[in-house]
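Structure data (TSV, C-alpha atoms) from run_34.tsv:
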```
chain	number	residue	atom	x	y	z
A	1	MET	CA	-22.54	36.46	-10.75
A	2	LEU	CA	-25.20	38.26	-8.77
A	3	ILE	CA	-25.11	41.99	-9.39
A	4	LEU	CA	-26.87	44.30	-6.91
A	5	SER	CA	-27.23	48.07	-6.94
A	6	ARG	CA	-26.74	49.74	-3.56
A	7	LYS	CA	-26.92	53.33	-2.44
A	8	LEU	CA	-24.73	55.01	0.13
A	9	GLY	CA	-25.42	53.54	3.56
A	10	GLU	CA	-27.21	50.49	2.17
A	11	CYS	CA	-26.10	47.03	3.05
A	12	ILE	CA	-26.11	43.46	1.77
A	13	VAL	CA	-26.25	40.46	4.05
A	14	ILE	CA	-24.47	37.22	3.17
A	15	ASP	CA	-25.39	33.99	4.88
A	16	GLY	CA	-27.31	35.92	7.52
A	17	ARG	CA	-24.12	36.89	9.30
A	18	ILE	CA	-21.87	38.89	7.00
A	19	HIS	CA	-22.90	42.51	6.50
A	20	VAL	CA	-21.34	44.59	3.75
A	21	THR	CA	-22.25	48.28	3.86
A	22	VAL	CA	-21.41	51.01	1.36
A	23	MET	CA	-19.77	53.57	3.63
A	24	ARG	CA	-18.52	56.15	1.18
A	25	VAL	CA	-18.20	56.75	-2.54
A	26	GLU	CA	-15.46	59.08	-3.75
A	27	GLY	CA	-15.00	59.11	-7.51
A	28	GLU	CA	-13.72	55.63	-8.41
A	29	VAL	CA	-13.19	54.56	-4.80
A	30	VAL	CA	-15.91	52.77	-2.90
A	31	LYS	CA	-15.41	52.26	0.82
A	32	LEU	CA	-17.05	49.14	2.14
A	33	GLY	CA	-17.68	48.30	5.76
A	34	ILE	CA	-17.59	44.57	6.39
A	35	ALA	CA	-18.96	43.10	9.59
A	36	ALA	CA	-18.33	39.37	9.81
A	37	PRO	CA	-17.84	36.82	12.60
A	38	SER	CA	-14.21	36.42	13.63
A	39	GLU	CA	-13.99	32.97	12.03
A	40	VAL	CA	-14.68	34.42	8.56
A	41	PRO	CA	-11.43	35.51	6.90
A	42	VAL	CA	-11.76	38.77	4.94
A	43	HIS	CA	-8.89	39.86	2.74
A	44	ARG	CA	-8.34	41.99	-0.31
A	45	LYS	CA	-8.04	39.74	-3.35
A	46	GLU	CA	-4.61	41.22	-4.10
A	47	VAL	CA	-3.23	39.55	-0.96
A	48	TYR	CA	-4.22	36.12	-2.25
A	49	GLU	CA	-2.75	36.89	-5.66
A	50	GLU	CA	0.45	38.22	-4.14
A	51	ILE	CA	0.95	35.07	-2.05
A	52	GLN	CA	0.07	32.87	-5.02
A	53	ARG	CA	2.70	34.58	-7.16
A	54	SER	CA	5.22	34.38	-4.35
A	55	ASN	CA	4.60	30.62	-4.01
A	56	GLN	CA	5.05	30.11	-7.73
A	57	GLN	CA	8.30	32.00	-7.62
A	58	ALA	CA	9.49	30.09	-4.56
A	59	LEU	CA	8.98	26.61	-6.00
A	60	VAL	CA	12.38	25.21	-6.84
A	61	LYS	CA	14.08	22.16	-8.17
A	62	GLN	CA	16.50	20.78	-5.59
A	63	SER	CA	19.54	22.99	-5.71
A	64	ALA	CA	23.06	22.89	-4.39
A	65	LEU	CA	22.77	26.57	-3.51
A	66	LEU	CA	21.19	25.99	-0.14
A	67	PRO	CA	24.17	24.85	1.98
A	68	LYS	CA	26.08	27.82	0.59
A	69	LEU	CA	23.28	30.22	1.40
A	70	ALA	CA	22.88	28.66	4.84
A	71	GLY	CA	26.60	29.19	5.38
A	72	SER	CA	26.18	32.86	4.63
A	73	LEU	CA	23.57	33.32	7.34
A	74	PRO	CA	25.62	32.57	10.48
A	75	LYS	CA	24.34	35.64	12.26
A	76	LEU	CA	20.68	35.14	11.51
A	77	LYS	CA	19.83	34.39	15.10
A	78	ALA	CA	21.36	37.66	16.16
A	79	ALA	CA	19.64	39.60	13.41
A	80	THR	CA	17.65	42.58	14.53
A	81	PRO	CA	14.47	43.70	12.84
A	82	PRO	CA	14.74	46.79	10.65
B	1	MET	CA	-4.59	10.43	16.70
B	2	LYS	CA	-1.02	11.44	17.38
B	3	CYS	CA	2.04	10.88	15.29
B	4	ALA	CA	5.06	9.41	17.05
B	5	GLU	CA	7.34	12.23	15.99
B	6	MET	CA	6.60	15.74	17.09
B	7	LEU	CA	7.65	18.26	14.46
B	8	GLU	CA	10.63	20.44	15.28
B	9	LEU	CA	12.83	22.79	13.30
B	10	GLU	CA	15.70	22.71	15.79
B	11	THR	CA	19.18	22.06	14.48
B	12	PRO	CA	18.92	18.40	13.58
B	13	ALA	CA	21.85	16.07	14.14
B	14	ILE	CA	20.72	13.90	11.26
B	15	VAL	CA	18.65	14.30	8.13
B	16	ARG	CA	15.07	14.14	9.21
B	17	ARG	CA	11.99	13.60	7.06
B	18	ASP	CA	8.47	14.13	8.33
B	19	PRO	CA	5.26	13.85	6.35
B	20	VAL	CA	3.06	16.94	6.31
B	21	ARG	CA	-0.45	16.92	4.92
B	22	MET	CA	-2.01	20.12	3.65
B	23	PRO	CA	-5.63	19.37	2.76
B	24	ASN	CA	-6.00	22.72	0.93
B	25	GLY	CA	-2.58	22.66	-0.72
B	26	LEU	CA	-0.74	25.96	-1.02
B	27	LEU	CA	-2.14	29.05	-2.74
B	28	GLY	CA	-1.61	28.42	-6.44
B	29	PHE	CA	-0.85	24.74	-5.77
B	30	GLU	CA	-4.19	23.62	-4.40
B	31	LYS	CA	-3.92	20.10	-5.83
B	32	ILE	CA	-0.63	19.24	-4.16
B	33	LYS	CA	-1.57	18.11	-0.67
B	34	ASN	CA	1.18	15.79	0.54
B	35	TYR	CA	4.60	17.06	1.47
B	36	VAL	CA	7.71	15.91	3.28
B	37	LEU	CA	9.46	18.32	5.63
B	38	THR	CA	13.16	17.57	5.31
B	39	THR	CA	15.74	19.05	7.61
B	40	ASN	CA	19.45	18.58	6.98
B	41	PRO	CA	22.15	19.73	9.44
B	42	ASP	CA	24.20	21.18	6.55
B	43	GLU	CA	21.34	23.41	5.52
B	44	HIS	CA	20.18	24.79	8.85
B	45	PRO	CA	18.40	27.21	9.34
B	46	PHE	CA	16.70	26.26	6.09
B	47	ALA	CA	14.54	23.22	5.57
B	48	TRP	CA	12.77	21.74	2.57
B	49	LEU	CA	9.11	21.21	2.09
B	50	GLN	CA	9.20	18.66	-0.69
B	51	VAL	CA	6.30	17.52	-2.81
B	52	GLN	CA	5.82	13.92	-1.71
B	53	ASP	CA	5.14	12.53	-5.18
B	54	ASP	CA	7.98	14.47	-6.76
B	55	THR	CA	10.71	15.25	-4.25
B	56	ALA	CA	12.66	17.22	-6.88
B	57	LEU	CA	9.96	19.85	-6.50
B	58	ALA	CA	10.19	21.70	-3.25
B	59	PHE	CA	9.88	24.90	-1.32
B	60	VAL	CA	12.67	26.20	0.86
B	61	VAL	CA	11.32	27.14	4.28
B	62	ILE	CA	12.67	28.81	7.38
B	63	ASP	CA	11.48	29.59	10.89
B	64	PRO	CA	9.94	33.03	10.22
B	65	PHE	CA	10.84	34.19	13.73
B	66	LEU	CA	14.50	33.88	12.72
B	67	ALA	CA	13.85	36.15	9.76
B	68	LEU	CA	12.11	38.75	11.89
B	69	LEU	CA	12.59	38.59	15.64
B	70	ASP	CA	9.47	40.53	16.55
B	71	TYR	CA	7.22	38.79	13.99
B	72	GLN	CA	3.74	38.67	15.48
B	73	PRO	CA	1.51	36.78	13.06
B	74	ASP	CA	-2.16	36.82	13.94
B	75	ILE	CA	-3.61	33.45	12.86
B	76	PRO	CA	-7.32	33.67	11.93
B	77	GLN	CA	-9.60	31.84	14.35
B	78	ALA	CA	-11.00	29.70	11.49
B	79	ASP	CA	-7.50	28.38	10.80
B	80	VAL	CA	-6.82	27.72	14.49
B	81	GLU	CA	-9.95	25.57	14.54
B	82	PHE	CA	-9.21	23.91	11.20
B	83	LEU	CA	-5.76	22.88	12.45
B	84	LYS	CA	-7.10	21.96	15.90
B	85	LEU	CA	-4.50	24.09	17.65
B	86	LYS	CA	-5.15	24.16	21.38
B	87	GLN	CA	-2.13	26.15	22.50
B	88	ALA	CA	0.56	28.25	20.87
B	89	ASP	CA	3.10	25.43	21.25
B	90	ASP	CA	1.02	23.15	19.01
B	91	ALA	CA	1.87	25.25	15.97
B	92	LEU	CA	5.01	25.07	13.89
B	93	LEU	CA	5.34	28.06	11.58
B	94	LEU	CA	7.26	27.95	8.33
B	95	GLY	CA	8.02	30.93	6.13
B	96	ILE	CA	8.39	30.11	2.43
B	97	VAL	CA	11.71	31.36	1.11
B	98	THR	CA	12.30	32.61	-2.42
B	99	ILE	CA	15.93	32.34	-3.48
B	100	HIS	CA	16.51	35.03	-6.06
B	101	ASP	CA	20.24	34.32	-6.44
B	102	GLU	CA	23.05	33.31	-4.14
B	103	HIS	CA	23.14	36.74	-2.56
B	104	ARG	CA	19.46	37.40	-2.18
B	105	ALA	CA	16.73	35.44	-0.49
B	106	THR	CA	13.37	36.64	0.79
B	107	VAL	CA	10.72	35.11	3.00
B	108	ASN	CA	6.95	35.41	2.76
B	109	LEU	CA	5.68	36.73	6.08
B	110	LYS	CA	2.10	37.45	4.93
B	111	GLY	CA	1.24	33.81	4.26
B	112	PRO	CA	3.15	31.46	6.57
B	113	ILE	CA	2.51	27.74	6.63
B	114	VAL	CA	1.12	26.71	10.01
B	115	ILE	CA	1.46	23.04	10.94
B	116	ASN	CA	0.00	21.23	13.92
B	117	ARG	CA	3.13	19.56	15.36
B	118	HIS	CA	1.14	16.64	16.67
B	119	THR	CA	-1.10	15.80	13.71
B	120	HIS	CA	1.28	17.03	10.96
B	121	VAL	CA	-1.66	18.73	9.28
B	122	GLY	CA	-0.82	22.13	7.86
B	123	LYS	CA	-2.26	25.08	6.03
B	124	GLN	CA	-0.95	28.20	4.38
B	125	VAL	CA	-2.76	30.94	6.24
B	126	ILE	CA	-3.12	34.60	5.39
B	127	ILE	CA	-2.47	36.25	8.71
B	128	THR	CA	-5.04	38.77	9.87
B	129	ASN	CA	-2.34	41.42	10.15
B	130	ALA	CA	-0.92	40.62	6.68
B	131	ALA	CA	-0.81	44.33	5.83
B	132	ALA	CA	1.95	44.78	8.43
B	133	TYR	CA	4.30	42.32	6.69
B	134	SER	CA	5.85	41.67	3.30
B	135	VAL	CA	5.76	38.63	0.99
B	136	THR	CA	9.36	39.45	0.16
B	137	HIS	CA	10.97	40.17	3.52
B	138	ALA	CA	14.72	40.16	2.85
B	139	LEU	CA	16.86	37.60	4.69
B	140	PRO	CA	20.12	39.09	5.95
B	141	VAL	CA	22.48	37.25	3.62
B	142	ALA	CA	26.08	38.27	4.27
B	143	GLU	CA	27.57	40.48	1.57
B	144	THR	CA	30.74	38.48	1.54
B	145	ALA	CA	29.02	35.17	0.84
B	146	ASP	CA	30.92	33.38	-1.89
```

If you took the structure in this file and wrote it as C-alpha coordinates, what would it be?
Amino acid sequence: MLILSRKLGECIVIDGRIHVTVMRVEGEVVKLGIAAPSEVPVHRKEVYEEIQRSNQQALVKQSALLPKLAGSLPKLKAATPP
Amino acid sequence: MKCAEMLELETPAIVRRDPVRMPNGLLGFEKIKNYVLTTNPDEHPFAWLQVQDDTALAFVVIDPFLALLDYQPDIPQADVEFLKLKQADDALLLGIVTIHDEHRATVNLKGPIVINRHTHVGKQVIITNAAAYSVTHALPVAETAD
(Lines of atoms letter the chains of each structure in order from A and count residues from 1; the text may use other names and numbers.)
(Lines give C-alpha, C1' and ligand atoms only; values in the text may rest on other atoms or scores of the structure.)
Protein backbone atom coordinates (compact mmCIF):
# COMPACT_ATOMS: atom_id res chain seq x y z
CA MET A 1 0.00 0.00 0.00
CA LEU A 2 1.21 3.46 -0.89
CA ILE A 3 1.17 5.76 2.11
CA LEU A 4 1.32 9.52 1.54
CA SER A 5 1.39 12.37 4.04
CA ARG A 6 -0.82 15.33 3.14
CA LYS A 7 -1.47 18.64 4.84
CA LEU A 8 -4.75 20.48 5.01
CA GLY A 9 -5.74 21.67 1.54
CA GLU A 10 -3.30 19.35 -0.22
CA CYS A 11 -4.45 16.94 -2.84
CA ILE A 12 -3.56 13.63 -4.46
CA VAL A 13 -4.36 12.83 -8.06
CA ILE A 14 -5.25 9.31 -9.15
CA ASP A 15 -5.07 8.32 -12.79
CA GLY A 16 -4.84 11.97 -13.78
CA ARG A 17 -8.56 12.47 -13.27
CA ILE A 18 -9.51 11.71 -9.68
CA HIS A 19 -8.62 14.43 -7.19
CA VAL A 20 -8.75 13.75 -3.46
CA THR A 21 -8.28 16.83 -1.28
CA VAL A 22 -7.95 17.03 2.50
CA MET A 23 -10.67 19.55 3.30
CA ARG A 24 -10.72 19.52 7.07
CA VAL A 25 -9.21 17.69 10.02
CA GLU A 26 -11.15 17.62 13.28
CA GLY A 27 -9.70 15.29 15.89
CA GLU A 28 -10.12 11.77 14.48
CA VAL A 29 -12.29 12.87 11.56
CA VAL A 30 -10.74 13.73 8.23
CA LYS A 31 -12.97 15.31 5.61
CA LEU A 32 -11.99 14.46 2.08
CA GLY A 33 -13.18 16.17 -1.06
CA ILE A 34 -13.31 13.82 -4.01
CA ALA A 35 -13.60 15.12 -7.54
CA ALA A 36 -13.99 12.32 -10.06
CA PRO A 37 -15.62 11.90 -13.48
CA SER A 38 -19.25 10.81 -13.28
CA GLU A 39 -18.42 7.31 -14.54
CA VAL A 40 -16.21 6.62 -11.50
CA PRO A 41 -18.28 5.20 -8.64
CA VAL A 42 -17.25 6.55 -5.23
CA HIS A 43 -18.73 4.96 -2.13
CA ARG A 44 -17.85 4.53 1.50
CA LYS A 45 -16.45 1.04 2.03
CA GLU A 46 -19.16 0.36 4.62
CA VAL A 47 -21.79 0.43 1.86
CA TYR A 48 -20.05 -2.41 0.02
CA GLU A 49 -19.71 -4.38 3.24
CA GLU A 50 -23.32 -3.77 4.18
CA ILE A 51 -24.57 -5.04 0.81
CA GLN A 52 -22.19 -7.99 0.95
CA ARG A 53 -23.53 -9.01 4.35
CA SER A 54 -27.09 -8.51 3.18
CA ASN A 55 -26.46 -10.78 0.17
CA GLN A 56 -24.98 -13.47 2.38
CA GLN A 57 -27.98 -13.29 4.64
CA ALA A 58 -30.39 -13.36 1.71
CA LEU A 59 -28.99 -16.51 0.08
CA VAL A 60 -31.43 -19.31 0.74
CA LYS A 61 -32.04 -22.93 0.04
CA GLN A 62 -35.32 -23.37 -1.83
CA SER A 63 -38.05 -23.01 0.74
CA ALA A 64 -41.74 -23.68 0.92
CA LEU A 65 -42.18 -20.41 2.79
CA LEU A 66 -42.43 -18.27 -0.30
CA PRO A 67 -45.99 -19.03 -1.53
CA LYS A 68 -47.16 -18.42 2.03
CA LEU A 69 -45.30 -15.15 2.27
CA ALA A 70 -46.54 -14.13 -1.18
CA GLY A 71 -50.06 -14.88 0.02
CA SER A 72 -49.59 -12.50 2.90
CA LEU A 73 -48.69 -9.60 0.62
CA PRO A 74 -51.96 -9.12 -1.28
CA LYS A 75 -51.94 -5.39 -0.74
CA LEU A 76 -48.37 -4.78 -1.74
CA LYS A 77 -49.35 -2.92 -4.88
CA ALA A 78 -51.43 -0.54 -2.82
CA ALA A 79 -48.71 -0.06 -0.24
CA THR A 80 -47.75 3.49 0.46
CA PRO A 81 -44.23 4.56 1.33
CA PRO A 82 -43.60 5.42 4.96
CA MET B 1 -27.31 -9.87 -30.16
CA LYS B 2 -30.82 -10.12 -28.77
CA CYS B 3 -32.40 -12.91 -26.83
CA ALA B 4 -35.78 -14.12 -28.04
CA GLU B 5 -37.44 -13.58 -24.68
CA MET B 6 -37.58 -10.13 -23.21
CA LEU B 7 -37.36 -10.23 -19.43
CA GLU B 8 -40.51 -9.34 -17.52
CA LEU B 9 -41.60 -9.63 -13.91
CA GLU B 10 -45.30 -9.35 -14.68
CA THR B 11 -47.63 -11.91 -13.18
CA PRO B 12 -46.71 -14.97 -15.19
CA ALA B 13 -49.37 -17.46 -16.24
CA ILE B 14 -46.82 -20.25 -16.22
CA VAL B 15 -43.51 -20.97 -14.56
CA ARG B 16 -40.92 -19.08 -16.50
CA ARG B 17 -37.16 -19.52 -16.44
CA ASP B 18 -34.77 -17.06 -18.02
CA PRO B 19 -30.99 -17.16 -17.93
CA VAL B 20 -29.28 -14.11 -16.48
CA ARG B 21 -25.54 -13.57 -16.69
CA MET B 22 -23.78 -11.39 -14.15
CA PRO B 23 -20.15 -11.05 -15.24
CA ASN B 24 -19.16 -9.55 -11.85
CA GLY B 25 -21.31 -11.86 -9.73
CA LEU B 26 -22.98 -10.36 -6.68
CA LEU B 27 -21.13 -8.58 -3.87
CA GLY B 28 -19.72 -11.38 -1.73
CA PHE B 29 -20.46 -13.93 -4.46
CA GLU B 30 -18.16 -12.67 -7.19
CA LYS B 31 -17.44 -16.13 -8.59
CA ILE B 32 -21.06 -17.06 -9.24
CA LYS B 33 -21.90 -15.50 -12.59
CA ASN B 34 -24.72 -17.53 -14.11
CA TYR B 35 -28.23 -17.41 -12.75
CA VAL B 36 -31.74 -18.38 -13.75
CA LEU B 37 -34.58 -15.97 -13.05
CA THR B 38 -37.58 -18.12 -12.20
CA THR B 39 -41.06 -16.72 -11.86
CA ASN B 40 -43.93 -18.84 -10.60
CA PRO B 41 -47.56 -17.64 -10.56
CA ASP B 42 -48.01 -19.05 -7.03
CA GLU B 43 -45.18 -16.94 -5.72
CA HIS B 44 -45.91 -13.58 -7.31
CA PRO B 45 -44.77 -10.87 -6.52
CA PHE B 46 -41.63 -12.76 -5.59
CA ALA B 47 -39.30 -14.43 -8.04
CA TRP B 48 -36.18 -16.54 -7.66
CA LEU B 49 -32.73 -15.79 -8.87
CA GLN B 50 -31.26 -19.26 -8.78
CA VAL B 51 -27.62 -20.19 -9.11
CA GLN B 52 -27.50 -21.97 -12.46
CA ASP B 53 -25.11 -24.71 -11.37
CA ASP B 54 -26.92 -25.32 -8.10
CA THR B 55 -30.58 -24.35 -8.34
CA ALA B 56 -31.11 -25.20 -4.66
CA LEU B 57 -29.14 -22.04 -3.94
CA ALA B 58 -31.07 -18.93 -4.71
CA PHE B 59 -31.97 -15.39 -3.86
CA VAL B 60 -35.56 -14.27 -3.50
CA VAL B 61 -36.13 -11.10 -5.51
CA ILE B 62 -38.95 -8.63 -5.95
CA ASP B 63 -39.71 -5.59 -8.07
CA PRO B 64 -38.28 -2.91 -5.75
CA PHE B 65 -40.87 -0.39 -6.96
CA LEU B 66 -43.52 -2.61 -5.36
CA ALA B 67 -41.65 -2.43 -2.07
CA LEU B 68 -41.38 1.35 -2.21
CA LEU B 69 -43.63 3.21 -4.62
CA ASP B 70 -41.50 6.33 -4.86
CA TYR B 71 -38.17 4.47 -5.10
CA GLN B 72 -35.89 6.58 -7.26
CA PRO B 73 -32.62 4.68 -7.69
CA ASP B 74 -29.88 6.64 -9.39
CA ILE B 75 -27.86 4.14 -11.48
CA PRO B 76 -24.20 5.19 -11.89
CA GLN B 77 -23.29 6.14 -15.44
CA ALA B 78 -20.52 3.49 -15.50
CA ASP B 79 -23.12 0.79 -14.86
CA VAL B 80 -25.49 2.18 -17.50
CA GLU B 81 -22.65 1.86 -20.01
CA PHE B 82 -21.53 -1.54 -18.74
CA LEU B 83 -25.06 -2.89 -19.17
CA LYS B 84 -25.54 -1.06 -22.48
CA LEU B 85 -28.80 0.49 -21.33
CA LYS B 86 -30.08 2.94 -23.92
CA GLN B 87 -33.40 3.86 -22.32
CA ALA B 88 -35.07 3.39 -18.96
CA ASP B 89 -37.26 0.60 -20.35
CA ASP B 90 -34.20 -1.53 -21.12
CA ALA B 91 -33.58 -2.09 -17.42
CA LEU B 92 -35.27 -4.63 -15.19
CA LEU B 93 -34.61 -3.93 -11.53
CA LEU B 94 -34.67 -6.62 -8.87
CA GLY B 95 -34.45 -6.03 -5.14
CA ILE B 96 -32.89 -8.89 -3.18
CA VAL B 97 -35.20 -10.04 -0.41
CA THR B 98 -34.05 -11.39 2.94
CA ILE B 99 -36.66 -13.60 4.59
CA HIS B 100 -36.07 -13.37 8.31
CA ASP B 101 -39.07 -15.53 9.24
CA GLU B 102 -42.58 -16.02 7.94
CA HIS B 103 -43.66 -12.67 9.31
CA ARG B 104 -40.72 -10.56 8.35
CA ALA B 105 -39.04 -9.95 5.03
CA THR B 106 -36.85 -7.06 3.96
CA VAL B 107 -35.53 -5.86 0.63
CA ASN B 108 -32.17 -4.34 -0.20
CA LEU B 109 -32.79 -0.98 -1.85
CA LYS B 110 -29.17 0.25 -1.74
CA GLY B 111 -27.84 -2.42 -4.08
CA PRO B 112 -30.48 -3.52 -6.61
CA ILE B 113 -29.70 -5.92 -9.42
CA VAL B 114 -30.09 -4.19 -12.76
CA ILE B 115 -30.59 -6.43 -15.79
CA ASN B 116 -30.67 -5.45 -19.44
CA ARG B 117 -33.98 -7.03 -20.54
CA HIS B 118 -32.69 -7.62 -24.04
CA THR B 119 -29.24 -9.07 -23.40
CA HIS B 120 -30.04 -10.68 -20.01
CA VAL B 121 -26.77 -9.29 -18.68
CA GLY B 122 -27.03 -7.98 -15.14
CA LYS B 123 -25.08 -6.36 -12.36
CA GLN B 124 -25.62 -5.55 -8.72
CA VAL B 125 -25.16 -1.81 -8.62
CA ILE B 126 -24.67 0.48 -5.66
CA ILE B 127 -26.99 3.33 -6.48
CA THR B 128 -25.51 6.81 -6.31
CA ASN B 129 -28.17 7.83 -3.81
CA ALA B 130 -27.64 4.72 -1.65
CA ALA B 131 -27.57 6.85 1.49
CA ALA B 132 -31.27 7.61 0.99
CA TYR B 133 -32.28 3.94 1.17
CA SER B 134 -31.90 0.91 3.41
CA VAL B 135 -30.48 -2.57 2.79
CA THR B 136 -33.25 -3.84 5.04
CA HIS B 137 -36.36 -2.01 3.86
CA ALA B 138 -39.28 -3.85 5.47
CA LEU B 139 -41.86 -5.45 3.19
CA PRO B 140 -45.41 -4.92 4.42
CA VAL B 141 -46.19 -8.49 5.42
CA ALA B 142 -49.69 -8.77 6.83
CA GLU B 143 -49.80 -9.30 10.59
CA THR B 144 -52.40 -11.98 10.23
CA ALA B 145 -50.34 -14.11 7.86
CA ASP B 146 -50.51 -17.70 9.02

Determine, using all atoms listed in the file, which residues of stretch 7-55 of chain A have any atom at most 9 Å from an atom of stretch 124-137 of chain B, and tabulate each with its shortest atom pair and distance in Å to one decimal place, rows ordered by chain and then rising number, as a tab-separated table.
```
residue	atom	partner	partner_atom	distance
A:Pro41	CA	B:Thr128	CA	7.8
A:Val42	CA	B:Thr128	CA	8.3
A:His43	CA	B:Thr128	CA	8.2
A:Val47	CA	B:Ile126	CA	8.1
A:Tyr48	CA	B:Ile126	CA	7.9
A:Glu50	CA	B:Val135	CA	7.4
A:Ile51	CA	B:Val135	CA	6.7
A:Ser54	CA	B:Val135	CA	6.8
```

Can you write out the residues you just picked, keeping C-alpha atoms, as a short mmCIF file (atom, residue, chain, number, x, y, z; two decimals), in the frame of the given file?
```
data_model
loop_
_atom_site.label_atom_id
_atom_site.label_comp_id
_atom_site.auth_asym_id
_atom_site.auth_seq_id
_atom_site.Cartn_x
_atom_site.Cartn_y
_atom_site.Cartn_z
CA PRO A 41 -11.43 35.51 6.90
CA VAL A 42 -11.76 38.77 4.94
CA HIS A 43 -8.89 39.86 2.74
CA VAL A 47 -3.23 39.55 -0.96
CA TYR A 48 -4.22 36.12 -2.25
CA GLU A 50 0.45 38.22 -4.14
CA ILE A 51 0.95 35.07 -2.05
CA SER A 54 5.22 34.38 -4.35
#
```

Could you list, as an mmCIF file with C-alpha atoms, in the frame of the given file, the residues of chain B having an atom within 9 Å of chain A when counting all atoms listed in the file?
```cif
data_model
loop_
_atom_site.group_PDB
_atom_site.id
_atom_site.type_symbol
_atom_site.label_atom_id
_atom_site.label_comp_id
_atom_site.auth_asym_id
_atom_site.auth_seq_id
_atom_site.Cartn_x
_atom_site.Cartn_y
_atom_site.Cartn_z
ATOM 1 C CA LEU B 26 -0.740 25.960 -1.020
ATOM 2 C CA LEU B 27 -2.140 29.050 -2.740
ATOM 3 C CA GLY B 28 -1.610 28.420 -6.440
ATOM 4 C CA PHE B 29 -0.850 24.740 -5.770
ATOM 5 C CA ASP B 42 24.200 21.180 6.550
ATOM 6 C CA GLU B 43 21.340 23.410 5.520
ATOM 7 C CA HIS B 44 20.180 24.790 8.850
ATOM 8 C CA PRO B 45 18.400 27.210 9.340
ATOM 9 C CA PHE B 46 16.700 26.260 6.090
ATOM 10 C CA THR B 55 10.710 15.250 -4.250
ATOM 11 C CA ALA B 56 12.660 17.220 -6.880
ATOM 12 C CA LEU B 57 9.960 19.850 -6.500
ATOM 13 C CA ALA B 58 10.190 21.700 -3.250
ATOM 14 C CA PHE B 59 9.880 24.900 -1.320
ATOM 15 C CA VAL B 60 12.670 26.200 0.860
ATOM 16 C CA LEU B 66 14.500 33.880 12.720
ATOM 17 C CA ALA B 67 13.850 36.150 9.760
ATOM 18 C CA LEU B 68 12.110 38.750 11.890
ATOM 19 C CA LEU B 69 12.590 38.590 15.640
ATOM 20 C CA ASP B 70 9.470 40.530 16.550
ATOM 21 C CA TYR B 71 7.220 38.790 13.990
ATOM 22 C CA PRO B 76 -7.320 33.670 11.930
ATOM 23 C CA GLN B 77 -9.600 31.840 14.350
ATOM 24 C CA ALA B 78 -11.000 29.700 11.490
ATOM 25 C CA ASP B 79 -7.500 28.380 10.800
ATOM 26 C CA GLU B 81 -9.950 25.570 14.540
ATOM 27 C CA ILE B 96 8.390 30.110 2.430
ATOM 28 C CA VAL B 97 11.710 31.360 1.110
ATOM 29 C CA THR B 98 12.300 32.610 -2.420
ATOM 30 C CA ILE B 99 15.930 32.340 -3.480
ATOM 31 C CA HIS B 100 16.510 35.030 -6.060
ATOM 32 C CA ASP B 101 20.240 34.320 -6.440
ATOM 33 C CA GLU B 102 23.050 33.310 -4.140
ATOM 34 C CA HIS B 103 23.140 36.740 -2.560
ATOM 35 C CA ARG B 104 19.460 37.400 -2.180
ATOM 36 C CA ALA B 105 16.730 35.440 -0.490
ATOM 37 C CA ASN B 108 6.950 35.410 2.760
ATOM 38 C CA LYS B 110 2.100 37.450 4.930
ATOM 39 C CA GLY B 111 1.240 33.810 4.260
ATOM 40 C CA ILE B 126 -3.120 34.600 5.390
ATOM 41 C CA THR B 128 -5.040 38.770 9.870
ATOM 42 C CA ALA B 130 -0.920 40.620 6.680
ATOM 43 C CA ALA B 131 -0.810 44.330 5.830
ATOM 44 C CA VAL B 135 5.760 38.630 0.990
ATOM 45 C CA THR B 136 9.360 39.450 0.160
ATOM 46 C CA LEU B 139 16.860 37.600 4.690
ATOM 47 C CA PRO B 140 20.120 39.090 5.950
ATOM 48 C CA VAL B 141 22.480 37.250 3.620
ATOM 49 C CA ALA B 142 26.080 38.270 4.270
ATOM 50 C CA GLU B 143 27.570 40.480 1.570
ATOM 51 C CA THR B 144 30.740 38.480 1.540
ATOM 52 C CA ALA B 145 29.020 35.170 0.840
ATOM 53 C CA ASP B 146 30.920 33.380 -1.890
#
```

In Å, how far is it from atom CA of A:Leu4 to atom CA of A:Val30? 14.4 Å

In the coordinates of the file, take the point (-25.5, 49.7, -3.0) and a cut-off of 10 Å; then, counting all atoms listed in the file, name each qualifying protein, DNA or RNA residue as an MDAnalysis selection string. chainID A and resid 4:12 20:23 32

Which one is closest to B:Leu83: B:Pro112, B:Pro23, B:Pro41, B:Pro64? Count all atoms listed in the file.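 Closest residue, counting all atoms listed in the file: B:Pro23.
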
So how many Å separate atom CA of B:Val107 and atom CA of B:Gly95, to one decimal?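 These two atoms are separated by 5.9 Å.
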
Taking 4 positions as the minimum chain separation for residues in the same chain, which residues sit within 9 Å of B:Arg16 when counting all atoms listed in the file? Answer as an MDAnalysis selection string. chainID B and resid 12 37:40

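When all atoms listed in the file are used to compute distances to B:Ile113, the closest of the residues B:Gln72, B:Asp18, B:Ala88, B:Val61 turns out to be B:Val61.
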
For the point (-18.9, 41.2, 4.2) in the file's frame, write as a list of chain:residue names all residues with an atom no more than 7 Å away, counting only C-alpha atoms.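 The distance filter leaves exactly A:Ile14, A:Ile18, A:His19, A:Val20, A:Ile34, A:Ala35, A:Ala36.
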
What does the file look like for those residues with C-alpha atoms, as a PDB file, in the frame of the given file?
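Saved result, part25.pdb, follows:
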```pdb
ATOM      1  CA  ILE A  14     -24.470  37.220   3.170  1.00  0.00           C
ATOM      2  CA  ILE A  18     -21.870  38.890   7.000  1.00  0.00           C
ATOM      3  CA  HIS A  19     -22.900  42.510   6.500  1.00  0.00           C
ATOM      4  CA  VAL A  20     -21.340  44.590   3.750  1.00  0.00           C
ATOM      5  CA  ILE A  34     -17.590  44.570   6.390  1.00  0.00           C
ATOM      6  CA  ALA A  35     -18.960  43.100   9.590  1.00  0.00           C
ATOM      7  CA  ALA A  36     -18.330  39.370   9.810  1.00  0.00           C
TER       8      ALA A  36
END
```

Hey, can you check how far atom CA of B:Pro19 sits from atom CA of B:Leu109? 22.9 Å
